[in-house]
Amino acid sequence: MDNINKFQSFIILIMVAIGIILGQINIVQRYAEYLIMPALMIMLFLVFIQIPLKEIGKSFKNFKFTITSVVMNFIWTPIIVFILGKVFLHNQPETLIGFVMLMVTPCTDWYLIFTGISKGNVALGSSVLPLNLVLQLVLLPLYIFIIGGTSVSINIVSLAKGVIYSLLIPLTLAIIFRKIIISKIGIERFEEKWICKACDYQGYFLNLAIVSMFASQGKVLLENLQILLILLVPILLFFLINFIAGRFIGRMINLNYEDNVALNLTTLARNSPIALAIAVATFPDKPLISLALIIGPLIELPMLFLISKILLNIREKEQVA
């Protein structure tokens, strides 16, 4: 994995600061919003082109791991998010929607970095990536309506358009381009040359989207700095609950350390770029939703680093024992 993803938490802070500074220039603030959606669409195209969706069936070779991760990500996690959202964010409707969109979408990239750092089974974690991607694309609109739909008026047509523009178009183009490129140069050269570059450039375009977002909405954020504090407790509780649940369930189904780490990280790391793209397309007049999705990783990524250290300590103790 590339350095821009390894240090994404620190980079996000820099991009936020640059965006807020540039947003003080009136002409920049006025036109920055027009860069957000194109940057996110290109970023997601680069994410999707790395994912071999035709290999979804391979995830079921380890049926026990796959079923457990799917249940935790798409049944257990939405229940926890619903409870946390209603307890901590019931008076913050737009922040609640952002929180829901962030927490119910399993990660498709960063979790592999932290799985590797924790000496976990990266190959096993990778096996469920295509399945997680497809399921979250299908289920995210449903989660928004069920968990957050009563707090903010959601137009189903706008939500459908948001999913089409931000996800289906980049996904379709990525599938087509991936097939064409592999047919021309072969799968080995594609993985060696293209995936590395796509991984680099997806970070660049995500950063461009963040700068543009804060340049256009920086004043709104400065007026709502409490969002960071409001989100802090429910996000931290999510990580604590899911970490403990993942360790407990992994032991119940007799996963070894490496496989249990893969389960932990695929059920902890969240997919803020995809959720952000949908939010920008679906809720252009509700900037606090998008801001919640940008602020989320500022809490999430340091937590994943901390969890990686905890997992390594567990590994050392198990080896000594």
# chains A, B, ... in the order shown; residues from 1 in each chain; ligands from 1
>>> residues_around(residues="Ser126 in chain A", least_positions_apart="2", cutoff="9 Å", atoms="only C-alpha atoms", output="VMD selection string")
chain A and resid 59 108 112 121 to 124 128 to 130 262
>>> residues_around(residues="Ala279 in chain A", least_positions_apart="2", cutoff="8 Å", atoms="only C-alpha atoms", output="list in words")
Gly98, Gly162, Ala275, Leu276, Ala277, Ala281, Thr282, Phe283, Pro284, Ile289 and Ser290 of chain A
>>> residues_around(residues="Thr77 in chain A", least_positions_apart="5", cutoff="10 Å", atoms="only C-alpha atoms", output="PyMOL selection string")
chain A and resi 70-72+82-83+103-106+238+241-242+267-268
>>> write_last_selection(atoms="N, CA and C atoms", output="JSON list (two decimals), in the first residue's frame")
[["chain", "number", "residue", "atom", "x", "y", "z"],
["A", 70, "VAL", "N", -19.90, -10.89, 7.22],
["A", 70, "VAL", "CA", -21.12, -10.32, 6.62],
["A", 70, "VAL", "C", -22.16, -10.03, 7.70],
["A", 71, "VAL", "N", -22.36, -10.97, 8.61],
["A", 71, "VAL", "CA", -23.33, -10.76, 9.69],
["A", 71, "VAL", "C", -22.92, -9.58, 10.57],
["A", 72, "MET", "N", -21.63, -9.51, 10.90],
["A", 72, "MET", "CA", -21.17, -8.40, 11.74],
["A", 72, "MET", "C", -21.28, -7.06, 11.04],
["A", 82, "PHE", "N", -27.62, 2.17, 14.96],
["A", 82, "PHE", "CA", -28.96, 2.68, 15.27],
["A", 82, "PHE", "C", -29.05, 3.09, 16.74],
["A", 83, "ILE", "N", -28.57, 2.23, 17.63],
["A", 83, "ILE", "CA", -28.64, 2.52, 19.07],
["A", 83, "ILE", "C", -27.77, 3.74, 19.42],
["A", 103, "MET", "N", -20.76, 4.81, 9.29],
["A", 103, "MET", "CA", -20.54, 3.63, 10.12],
["A", 103, "MET", "C", -21.10, 2.33, 9.53],
["A", 104, "VAL", "N", -22.01, 2.40, 8.55],
["A", 104, "VAL", "CA", -22.58, 1.16, 8.02],
["A", 104, "VAL", "C", -21.90, 0.71, 6.72],
["A", 105, "THR", "N", -20.84, 1.42, 6.30],
["A", 105, "THR", "CA", -20.15, 1.06, 5.06],
["A", 105, "THR", "C", -18.77, 0.50, 5.37],
["A", 106, "PRO", "N", -18.56, -0.81, 5.24],
["A", 106, "PRO", "CA", -17.24, -1.40, 5.50],
["A", 106, "PRO", "C", -16.18, -0.87, 4.53],
["A", 238, "PHE", "N", -18.37, 2.79, 19.14],
["A", 238, "PHE", "CA", -18.49, 1.82, 18.04],
["A", 238, "PHE", "C", -17.24, 0.96, 17.95],
["A", 241, "ILE", "N", -16.95, -1.41, 21.09],
["A", 241, "ILE", "CA", -17.93, -2.52, 21.07],
["A", 241, "ILE", "C", -17.59, -3.53, 19.99],
["A", 242, "ASN", "N", -17.28, -3.04, 18.78],
["A", 242, "ASN", "CA", -17.01, -3.97, 17.68],
["A", 242, "ASN", "C", -15.68, -4.69, 17.85],
["A", 267, "THR", "N", -14.34, -5.48, 10.09],
["A", 267, "THR", "CA", -15.57, -5.07, 10.76],
["A", 267, "THR", "C", -15.40, -3.77, 11.55],
["A", 268, "LEU", "N", -14.19, -3.21, 11.52],
["A", 268, "LEU", "CA", -13.93, -1.94, 12.21],
["A", 268, "LEU", "C", -13.75, -0.77, 11.25]]
>>> closest_residue(among="A:Ile12, A:Lys193, A:Gly250, A:Val100", to="Ile80 in chain A", atoms="only C-alpha atoms")
A:Val100
>>> atom_distance(atom1="CA of Ile294 in chain A", atom2="CA of Asn132 in chain A")
21.2 Å
>>> atom_distance(atom1="CA of Pro302 in chain A", atom2="CA of Pro170 in chain A")
29.1 Å
>>> residues_around(residues="range 26-40 of chain A", least_positions_apart="5", cutoff="6 Å", atoms="only C-alpha atoms", output="count of residues only")
6
>>> closest_residue(among="A:Leu229, A:Leu102, A:Leu304, A:Ile14", to="Arg270 in chain A", atoms="only C-alpha atoms")
A:Leu102
>>> closest_atom_pairs(of="range 247-302 of chain A", to="range 309-320 of chain A", cutoff="12 Å", atoms="only C-alpha atoms", output="JSON lines")
{"residue": "A:Arg247", "atom": "CA", "partner": "A:Leu311", "partner_atom": "CA", "distance": 9.9}
{"residue": "A:Asn256", "atom": "CA", "partner": "A:Arg315", "partner_atom": "CA", "distance": 10.4}
{"residue": "A:Tyr257", "atom": "CA", "partner": "A:Arg315", "partner_atom": "CA", "distance": 7.0}
{"residue": "A:Glu258", "atom": "CA", "partner": "A:Arg315", "partner_atom": "CA", "distance": 9.0}
{"residue": "A:Asp259", "atom": "CA", "partner": "A:Leu311", "partner_atom": "CA", "distance": 12.0}
{"residue": "A:Asn260", "atom": "CA", "partner": "A:Leu311", "partner_atom": "CA", "distance": 9.8}
{"residue": "A:Val261", "atom": "CA", "partner": "A:Leu311", "partner_atom": "CA", "distance": 7.4}
{"residue": "A:Ala262", "atom": "CA", "partner": "A:Leu311", "partner_atom": "CA", "distance": 10.9}
{"residue": "A:Leu263", "atom": "CA", "partner": "A:Leu311", "partner_atom": "CA", "distance": 12.0}
{"residue": "A:Asn264", "atom": "CA", "partner": "A:Leu311", "partner_atom": "CA", "distance": 9.4}
{"residue": "A:Leu265", "atom": "CA", "partner": "A:Leu311", "partner_atom": "CA", "distance": 10.3}
{"residue": "A:Pro302", "atom": "CA", "partner": "A:Lys309", "partner_atom": "CA", "distance": 10.9}
